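Coordinates as given in my_file16.txt (compact mmCIF, C-alpha atoms):
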# COMPACT_ATOMS: atom_id res chain seq x y z
CA MET A 19 -5.52 29.43 10.63
CA LYS A 20 -4.11 30.56 7.34
CA PRO A 21 -3.25 27.55 5.11
CA ARG A 22 0.25 27.32 3.70
CA THR A 23 0.86 27.64 -0.01
CA LEU A 24 3.39 25.19 -1.37
CA LEU A 25 3.69 23.54 -4.72
CA ALA A 26 3.03 26.52 -6.99
CA ALA A 27 5.96 28.34 -5.44
CA LEU A 28 8.12 25.26 -5.63
CA LEU A 29 7.89 25.17 -9.39
CA LEU A 30 10.33 28.07 -9.32
CA LEU A 31 13.01 26.06 -7.60
CA THR A 32 15.65 28.73 -7.83
CA THR A 33 13.64 31.02 -5.58
CA ILE A 34 13.79 28.64 -2.63
CA THR A 35 16.80 28.55 -0.38
CA ALA A 36 17.87 25.40 1.44
CA THR A 37 17.37 27.02 4.83
CA ALA A 38 13.74 27.91 4.00
CA GLN A 39 12.69 24.40 3.05
CA THR A 40 10.37 22.38 5.22
CA PRO A 41 10.44 18.58 4.85
CA ALA A 42 7.29 18.86 2.72
CA GLN A 43 8.94 21.39 0.43
CA GLN A 44 12.01 19.19 0.12
CA LEU A 45 9.78 16.28 -0.87
CA ALA A 46 7.95 18.39 -3.46
CA ILE A 47 11.24 19.40 -5.06
CA ARG A 48 12.43 15.80 -5.03
CA LEU A 49 9.22 14.59 -6.67
CA GLN A 50 9.65 17.16 -9.44
CA ARG A 51 13.12 15.79 -10.11
CA ILE A 52 11.99 12.16 -10.00
CA GLN A 53 9.22 12.88 -12.49
CA GLN A 54 11.85 13.89 -15.02
CA LYS A 55 13.20 10.31 -14.85
CA GLY A 56 9.95 8.43 -15.29
CA ILE A 57 6.93 6.98 -13.49
CA MET A 58 7.19 5.46 -10.03
CA PHE A 59 5.59 2.17 -9.03
CA GLY A 60 3.91 2.06 -5.64
CA HIS A 61 2.15 -0.61 -3.61
CA GLN A 62 -0.11 -0.59 -0.56
CA ASP A 63 0.98 -2.56 2.53
CA ASP A 64 3.85 -4.01 0.51
CA PRO A 65 6.13 -5.19 3.37
CA PHE A 66 3.45 -6.80 5.55
CA TYR A 67 1.86 -9.63 3.57
CA GLY A 68 1.37 -11.07 0.09
CA LEU A 69 -0.51 -13.78 -1.72
CA THR A 70 1.14 -16.66 0.14
CA TRP A 71 2.85 -15.13 3.21
CA GLU A 72 2.51 -12.58 5.98
CA TYR A 73 4.79 -10.74 8.40
CA GLN A 74 8.16 -12.01 7.25
CA LYS A 75 10.71 -9.28 7.89
CA GLY A 76 12.29 -7.87 4.73
CA ARG A 77 9.86 -9.68 2.46
CA SER A 78 7.71 -8.08 -0.25
CA ASP A 79 5.76 -9.53 -3.19
CA THR A 80 7.31 -6.83 -5.35
CA ARG A 81 10.81 -7.62 -4.17
CA ASP A 82 10.26 -11.39 -4.49
CA LEU A 83 9.38 -10.90 -8.16
CA THR A 84 11.68 -8.08 -9.27
CA GLY A 85 14.49 -8.05 -6.74
CA ASP A 86 13.60 -4.48 -5.83
CA TYR A 87 11.16 -2.65 -3.57
CA PRO A 88 8.46 -0.29 -4.86
CA ALA A 89 9.49 3.35 -5.15
CA VAL A 90 6.37 4.32 -3.19
CA MET A 91 4.85 2.44 -0.25
CA GLY A 92 1.34 3.12 0.97
CA PHE A 93 0.12 2.67 4.55
CA ASP A 94 -3.21 3.35 6.28
CA LEU A 95 -4.14 4.89 9.63
CA GLY A 96 -7.65 3.47 9.94
CA GLY A 97 -8.11 2.45 13.58
CA ILE A 98 -5.54 4.83 15.05
CA GLU A 99 -8.38 7.21 15.91
CA LYS A 100 -9.83 4.67 18.36
CA GLY A 101 -6.51 3.92 19.99
CA ASP A 102 -6.37 0.47 18.37
CA SER A 103 -3.08 -1.39 18.22
CA LYS A 104 -3.79 -2.56 14.64
CA ASP A 105 -5.14 -0.83 11.55
CA LEU A 106 -8.33 -1.78 9.72
CA ASP A 107 -6.42 -4.52 7.84
CA SER A 108 -5.02 -5.95 11.10
CA VAL A 109 -1.51 -4.54 10.60
CA PRO A 110 0.05 -3.51 13.93
CA PHE A 111 0.73 0.21 14.04
CA ARG A 112 4.11 -0.63 15.53
CA LEU A 113 5.03 -2.35 12.26
CA ILE A 114 3.54 0.44 10.16
CA HIS A 115 5.72 2.89 12.07
CA ASP A 116 8.86 0.79 11.58
CA GLU A 117 8.28 -0.03 7.91
CA ALA A 118 7.45 3.57 6.98
CA LEU A 119 10.74 4.66 8.53
CA ALA A 120 12.61 1.78 6.89
CA HIS A 121 11.32 2.74 3.45
CA ALA A 122 12.19 6.40 3.97
CA ARG A 123 15.63 5.36 5.15
CA ARG A 124 16.10 3.29 1.96
CA GLY A 125 15.30 6.39 -0.09
CA GLY A 126 11.69 5.51 -0.90
CA ILE A 127 8.54 7.64 -0.89
CA VAL A 128 5.93 7.12 1.87
CA THR A 129 2.21 7.84 1.57
CA PHE A 130 -0.54 7.50 4.17
CA SER A 131 -4.31 7.26 3.74
CA TRP A 132 -6.89 7.20 6.56
CA HIS A 133 -10.13 5.21 6.73
CA PRO A 134 -11.51 6.36 10.10
CA ARG A 135 -14.56 4.77 11.64
CA ASN A 136 -17.84 6.60 11.61
CA PRO A 137 -17.66 8.88 14.68
CA LEU A 138 -21.43 9.31 14.89
CA THR A 139 -22.70 5.73 14.44
CA GLY A 140 -19.69 3.74 15.59
CA GLY A 141 -19.62 1.87 12.29
CA ASN A 142 -16.71 1.61 9.88
CA ALA A 143 -15.65 4.10 7.19
CA TRP A 144 -18.22 2.55 4.82
CA ASP A 145 -21.15 3.17 7.18
CA VAL A 146 -23.20 5.74 5.27
CA LYS A 147 -26.62 5.34 6.84
CA ASP A 148 -26.53 8.76 8.52
CA THR A 149 -26.06 11.92 6.47
CA THR A 150 -25.29 14.18 9.44
CA VAL A 151 -21.99 12.61 10.46
CA VAL A 152 -19.67 15.26 8.99
CA ARG A 153 -21.83 18.03 10.37
CA SER A 154 -21.68 16.36 13.79
CA ILE A 155 -17.87 16.52 13.98
CA LEU A 156 -17.42 20.09 12.75
CA PRO A 157 -17.09 22.88 15.36
CA GLY A 158 -20.30 23.08 17.37
CA GLY A 159 -21.35 19.55 16.45
CA SER A 160 -22.25 16.83 18.94
CA GLN A 161 -19.19 14.72 18.03
CA ASN A 162 -16.64 17.51 17.68
CA ALA A 163 -14.92 16.79 21.01
CA LYS A 164 -14.58 13.13 20.08
CA PHE A 165 -13.16 13.99 16.69
CA GLN A 166 -10.68 16.39 18.25
CA THR A 167 -9.36 13.38 20.15
CA TRP A 168 -9.25 11.36 16.94
CA MET A 169 -7.23 14.03 15.17
CA LYS A 170 -4.88 14.18 18.14
CA ARG A 171 -4.22 10.45 17.86
CA VAL A 172 -3.44 10.79 14.16
CA ALA A 173 -1.00 13.60 14.89
CA ASP A 174 0.50 11.75 17.85
CA PHE A 175 1.40 8.89 15.51
CA LEU A 176 2.65 11.04 12.64
CA VAL A 177 4.99 13.07 14.85
CA THR A 178 6.82 9.86 15.80
CA LEU A 179 7.91 9.30 12.19
CA THR A 180 11.37 10.76 12.49
CA ASP A 181 14.80 9.60 11.38
CA LYS A 182 17.73 8.79 13.70
CA HIS A 183 18.57 12.49 13.89
CA GLY A 184 15.05 13.43 14.95
CA ASN A 185 14.12 14.89 11.56
CA LYS A 186 10.55 14.35 10.38
CA ILE A 187 10.34 12.09 7.32
CA PRO A 188 8.39 13.62 4.40
CA ILE A 189 4.99 12.05 3.77
CA ILE A 190 2.28 12.26 1.11
CA PHE A 191 -0.93 12.39 3.17
CA ARG A 192 -4.19 11.48 1.41
CA PRO A 193 -7.24 11.99 3.63
CA TRP A 194 -10.94 11.96 2.69
CA HIS A 195 -10.38 10.20 -0.65
CA GLU A 196 -12.97 9.11 -3.25
CA MET A 197 -15.23 11.87 -2.01
CA ASN A 198 -17.14 11.98 -5.32
CA GLY A 199 -18.52 8.51 -4.52
CA SER A 200 -20.97 7.78 -1.72
CA TRP A 201 -19.45 4.69 -0.08
CA PHE A 202 -17.59 6.59 2.67
CA TRP A 203 -19.22 8.71 5.36
CA TRP A 204 -17.55 11.81 3.87
CA GLY A 205 -18.89 11.01 0.38
CA GLN A 206 -20.90 12.92 -2.19
CA LYS A 207 -24.40 12.09 -0.94
CA ILE A 208 -23.45 11.88 2.73
CA CYS A 209 -22.32 15.47 3.26
CA THR A 210 -22.55 18.77 1.43
CA ASP A 211 -19.67 20.23 -0.54
CA GLU A 212 -19.17 22.93 2.09
CA GLU A 213 -19.18 20.36 4.90
CA TYR A 214 -16.59 18.31 3.06
CA LYS A 215 -14.28 21.28 2.61
CA ALA A 216 -14.74 22.27 6.25
CA LEU A 217 -13.78 18.70 7.23
CA TRP A 218 -10.64 18.85 5.09
CA ASN A 219 -9.69 22.25 6.51
CA MET A 220 -10.29 21.23 10.11
CA LEU A 221 -7.99 18.21 9.86
CA GLN A 222 -5.31 20.04 7.89
CA ASP A 223 -5.30 23.03 10.21
CA TYR A 224 -5.02 20.79 13.25
CA LEU A 225 -2.10 18.81 11.82
CA THR A 226 -0.38 22.04 10.84
CA SER A 227 -0.85 23.37 14.38
CA ARG A 228 0.98 20.28 15.61
CA GLY A 229 4.06 21.25 13.62
CA LEU A 230 3.59 18.64 10.88
CA ASP A 231 5.33 20.59 8.13
CA ASN A 232 6.40 17.31 6.51
CA LEU A 233 3.06 16.53 4.83
CA LEU A 234 2.16 17.00 1.19
CA TYR A 235 -1.63 16.80 0.86
CA CYS A 236 -3.12 14.67 -1.92
CA TYR A 237 -6.72 15.21 -3.06
CA SER A 238 -7.93 12.06 -4.79
CA PRO A 239 -11.41 11.61 -6.26
CA ASN A 240 -12.51 8.27 -7.66
CA LEU A 241 -12.82 7.39 -11.34
CA ASP A 242 -15.61 9.53 -12.79
CA GLY A 243 -15.40 9.90 -16.56
CA SER A 244 -17.30 13.16 -16.87
CA TRP A 245 -15.43 15.82 -14.92
CA THR A 246 -15.94 19.47 -15.65
CA THR A 247 -14.00 22.22 -13.91
CA GLU A 248 -17.19 23.47 -12.28
CA ARG A 249 -17.99 20.04 -10.81
CA TYR A 250 -14.42 19.36 -9.76
CA LEU A 251 -14.06 22.63 -7.90
CA LYS A 252 -17.18 22.06 -5.79
CA ARG A 253 -15.28 19.88 -3.31
CA TYR A 254 -11.73 20.90 -4.14
CA PRO A 255 -10.28 22.46 -0.96
CA GLY A 256 -8.25 25.03 -2.91
CA ASP A 257 -4.75 25.41 -4.32
CA ALA A 258 -3.36 26.60 -0.99
CA ARG A 259 -4.51 23.36 0.64
CA VAL A 260 -3.74 20.75 -2.01
CA ASP A 261 -0.26 19.77 -3.23
CA ILE A 262 -0.94 16.69 -5.35
CA ILE A 263 -3.93 15.71 -7.46
CA GLY A 264 -4.76 12.03 -7.14
CA GLU A 265 -6.96 9.72 -9.16
CA ASP A 266 -8.25 6.39 -7.86
CA ALA A 267 -8.90 4.18 -10.89
CA TYR A 268 -9.66 0.46 -10.72
CA GLN A 269 -10.83 -1.80 -13.49
CA TRP A 270 -14.06 -3.12 -12.01
CA GLY A 271 -15.89 -3.63 -15.28
CA THR A 272 -14.83 -4.17 -18.86
CA GLU A 273 -11.42 -3.25 -20.20
CA ALA A 274 -13.01 -0.87 -22.69
CA ASP A 275 -14.88 1.00 -19.96
CA PHE A 276 -11.78 1.23 -17.78
CA ILE A 277 -9.68 2.66 -20.62
CA LYS A 278 -12.42 5.09 -21.67
CA LEU A 279 -13.09 6.40 -18.15
CA THR A 280 -9.44 6.58 -17.14
CA ASN A 281 -8.47 8.42 -20.32
CA ALA A 282 -11.31 10.89 -19.79
CA ASP A 283 -10.35 11.52 -16.17
CA LEU A 284 -6.61 11.79 -16.72
CA THR A 285 -7.12 14.12 -19.68
CA PHE A 286 -9.00 16.39 -17.28
CA VAL A 287 -6.59 15.87 -14.37
CA ARG A 288 -3.52 16.57 -16.50
CA GLU A 289 -4.93 19.90 -17.65
CA PHE A 290 -6.25 20.84 -14.21
CA ALA A 291 -2.92 20.00 -12.59
CA LYS A 292 -1.06 22.04 -15.18
CA GLU A 293 -3.31 25.07 -14.68
CA HIS A 294 -3.04 24.82 -10.90
CA ASN A 295 0.68 23.95 -10.74
CA LYS A 296 0.17 20.53 -9.15
CA LEU A 297 1.74 17.13 -9.51
CA TYR A 298 -0.71 14.32 -10.28
CA VAL A 299 -0.75 10.60 -9.56
CA LEU A 300 -2.76 7.39 -9.84
CA SER A 301 -3.15 7.26 -6.08
CA GLU A 302 -4.92 3.88 -6.20
CA CYS A 303 -5.30 1.50 -9.11
CA GLY A 304 -5.39 -2.12 -10.12
CA TYR A 305 -7.44 -5.04 -11.41
CA LYS A 306 -8.75 -7.25 -8.61
CA ASN A 307 -7.31 -10.78 -8.72
CA ASN A 308 -6.02 -9.90 -12.18
CA PRO A 309 -7.49 -12.40 -14.68
CA ASP A 310 -5.52 -10.88 -17.58
CA SER A 311 -1.91 -12.08 -17.85
CA THR A 312 -1.00 -9.13 -20.12
CA TRP A 313 -2.85 -6.34 -18.30
CA TRP A 314 0.22 -4.54 -16.92
CA THR A 315 1.89 -3.76 -20.25
CA ARG A 316 -1.05 -3.98 -22.64
CA VAL A 317 -3.70 -1.99 -20.72
CA LEU A 318 -2.09 -0.01 -17.90
CA MET A 319 1.34 0.95 -19.21
CA PRO A 320 0.05 2.87 -22.28
CA ILE A 321 -2.14 4.94 -19.95
CA LEU A 322 0.76 5.64 -17.61
CA ARG A 323 2.93 6.79 -20.48
CA GLU A 324 0.25 8.86 -22.19
CA TYR A 325 -0.38 10.94 -19.07
CA HIS A 326 3.02 10.58 -17.38
CA VAL A 327 1.62 10.37 -13.87
CA LEU A 328 4.17 10.80 -11.10
CA TYR A 329 3.36 7.38 -9.67
CA PHE A 330 0.78 4.61 -9.77
CA LEU A 331 -0.11 2.61 -6.67
CA PRO A 332 -1.92 -0.72 -6.94
CA TRP A 333 -3.74 -1.61 -3.76
CA ARG A 334 -2.71 -4.35 -1.38
CA ASN A 335 -2.01 -8.00 -2.05
CA TYR A 336 -3.94 -10.36 0.15
CA LYS A 337 -4.70 -14.01 -0.49
CA GLU A 338 -8.41 -13.38 -1.14
CA GLU A 339 -8.02 -9.99 -2.82
CA TYR A 340 -4.91 -8.78 -4.59
CA PHE A 341 -4.11 -5.94 -6.96
CA GLY A 342 -0.32 -5.75 -7.21
CA PRO A 343 2.36 -7.99 -8.72
CA SER A 344 3.42 -11.33 -7.28
CA ARG A 345 5.51 -14.25 -8.44
CA ASP A 346 2.62 -16.44 -7.26
CA GLU A 347 0.10 -15.33 -9.90
CA HIS A 348 -0.14 -15.58 -13.66
CA SER A 349 0.69 -12.00 -14.69
CA ALA A 350 4.12 -12.16 -13.04
CA ALA A 351 6.06 -12.46 -16.32
CA ASN A 352 4.14 -9.53 -17.77
CA PHE A 353 4.86 -7.35 -14.74
CA LEU A 354 8.54 -8.16 -15.13
CA GLU A 355 8.33 -6.71 -18.63
CA LEU A 356 6.96 -3.51 -17.12
CA TYR A 357 9.70 -3.55 -14.49
CA LYS A 358 12.39 -3.69 -17.19
CA GLN A 359 11.19 -0.50 -18.88
CA LYS A 360 13.57 2.40 -18.27
CA ASP A 361 10.76 4.84 -17.52
CA MET A 362 9.16 2.58 -14.87
CA LEU A 363 10.83 3.52 -11.60
CA PHE A 364 11.40 1.36 -8.54
CA LEU A 365 13.41 2.01 -5.40
CA LYS A 366 16.81 1.57 -7.03
CA ASP A 367 15.88 4.16 -9.64
CA ILE A 368 14.99 6.94 -7.22
CA LYS A 369 16.96 6.43 -4.03
CA LYS A 370 19.79 8.68 -5.16
CA VAL A 371 17.51 11.45 -6.45
CA LYS A 372 17.46 14.18 -3.81

Show how you would write the structure in this file as structure tokens.
Amino acid sequence: MKPRTLLAALLLLTTITATAQTPAQQLAIRLQRIQQKGIMFGHQDDPFYGLTWEYQKGRSDTRDLTGDYPAVMGFDLGGIEKGDSKDLDSVPFRLIHDEALAHARRGGIVTFSWHPRNPLTGGNAWDVKDTTVVRSILPGGSQNAKFQTWMKRVADFLVTLTDKHGNKIPIIFRPWHEMNGSWFWWGQKICTDEEYKALWNMLQDYLTSRGLDNLLYCYSPNLDGSWTTERYLKRYPGDARVDIIGEDAYQWGTEADFIKLTNADLTFVREFAKEHNKLYVLSECGYKNNPDSTWWTRVLMPILREYHVLYFLPWRNYKEEYFGPSRDEHSAANFLELYKQKDMLFLKDIKKVK
């Protein structure tokens, strides 16, 4: 199946007529316009639980602290492939469905990732003991029929994400992320570059065949620090298959290392995205259980402004492991300073941008 080209053409907005726009194209145009206003804040699993609560309708750690929702909300599909009722973080898919629609209805941006189980071993997404798993699910492989069913279940869920008029909501879809690491079964040392690209293409082509023209595809390697164009292109699926360039960047070590590596990567990503006519984002980020009460404005905000990413998305807040803001932890006042900056965008700042 021939992949669809998208974002490069959308940069010439005047050449696109309203009647020709798919939901994905409409989202791409909207994101271009939002980027002119500033940098969006996102958060994973924001409406489901926080540091001190879980499953209270309408609640959000971000909203508790700032009075506003994130501009971007992230959700995950891990577990949908097995027909589970809850995702890998025990969030019911029924609630994921409802909250994704609620955020789109409010005028927010929705993004989905997918951490599928290992289809060959039966383990989780982090089960990397077998290096033939990707090969096994490609056409002709022993697990291909199973994976066809898994892709069908993903599509069956995504096609239900429609508004009250039956229109598909636009989604940023981010499969097979952090592929330059080797902690997922689709990672660098677990499959070849060609197998990885074939995996990407197989999923994308299937979702396209199901009429899902509301997806912008985000390709998001992990923090690296030494990218070259030659290395980056080895797993890159191609401009016709990628709409957004992502970067997953957590501070796991020292502040100096985080700043050095993130600057190196985003310098590369900014130039690559410019040359390939792509938007670029910090698709995951954060500082686990943030021990630094000034980290948001002193460490992260200068990076955001230097590279003017479209959005940054700290990972989920959970009582044992949190990455985003909360009024219940010691960097709350500092995050409020970030929130007050005119170029830091939350729901209220983008909901009227069409």

Surrounding residues of Phe93 in chain A excluding itself and chain neighbours under 2 positions, 10 Å, all atoms listed in the file, as a count of residues only
22

Return the single residue from A:Leu234, A:Val327, A:Val287, A:Ala267 that is closest to Lys306 in chain A, with distances computed using only C-alpha atoms.
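Of all the options, A:Ala267 lies closest to Lys306 in chain A.
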
Selected residue of minimal separation from Ile190 in chain A among A:Gln166, A:Ser301, A:Asn295, A:Gln161, counting only C-alpha atoms
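Closest candidate: A:Ser301.
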
A:Ser108, A:Leu233, A:Pro41, A:His348 ranked by distance to Asp181 in chain A, top pick (using all atoms listed in the file):
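Comparing A:Ser108, A:Leu233, A:Pro41, A:His348 against Asp181 in chain A, the winner is A:Pro41.
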
A:Arg345, A:Lys252, A:Arg323, A:Lys337: which is nearest Gln53 in chain A, counting all atoms listed in the file?
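That would be A:Arg323, the residue with the smallest distance to Gln53 in chain A.
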
So which residues touch range 271-275 of chain A within 12 Å, counting all atoms listed in the file, skipping near sequence neighbours fewer than 5 positions away, as a list in words?
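Here the answer would be Leu241, Asp242, Gly243, Thr280, Asn281, Ala282, Gly304, Tyr305, Lys306, Asn308, Pro309, Asp310, Thr312, Trp313, Arg316, Val317 and Leu318 of chain A.
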
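The residue that comes closest to Ile277 in chain A, out of A:Glu324, A:Gly140, A:Asp257, A:Gly56 and on the basis of all atoms listed in the file, is A:Glu324.
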
Which residues are close to range 141-146 of chain A, i.e. within 10 Å by all atoms listed in the file, leaving aside same-chain residues fewer than 6 positions away? Reply as a short mmCIF file (atom, residue, chain, number, x, y, z; two decimals) with C-alpha atoms, keeping the file's coordinate frame.
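Written file, around_5.cif:
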data_model
loop_
_atom_site.label_atom_id
_atom_site.label_comp_id
_atom_site.auth_asym_id
_atom_site.auth_seq_id
_atom_site.Cartn_x
_atom_site.Cartn_y
_atom_site.Cartn_z
CA GLY A 96 -7.65 3.47 9.94
CA GLY A 97 -8.11 2.45 13.58
CA LEU A 106 -8.33 -1.78 9.72
CA TRP A 132 -6.89 7.20 6.56
CA HIS A 133 -10.13 5.21 6.73
CA PRO A 134 -11.51 6.36 10.10
CA ARG A 135 -14.56 4.77 11.64
CA SER A 200 -20.97 7.78 -1.72
CA TRP A 201 -19.45 4.69 -0.08
CA PHE A 202 -17.59 6.59 2.67
CA TRP A 203 -19.22 8.71 5.36
CA TRP A 204 -17.55 11.81 3.87
CA GLY A 205 -18.89 11.01 0.38
CA LYS A 207 -24.40 12.09 -0.94
CA ILE A 208 -23.45 11.88 2.73
CA CYS A 209 -22.32 15.47 3.26
#

Quick one: pull the distance between CA of Lys292 in chain A and CA of Lys366 in chain A, Å, one decimal.
28.4 Å

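Across A:Cys236, A:Leu156, A:Val172, A:Val299, the tightest approach to Ile98 in chain A is made by A:Val172 when counting all atoms listed in the file.
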
Using Å and a single decimal, report how far CA of Ile52 in chain A sits from CA of Gln39 in chain A.
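A separation of 17.9 Å between them.
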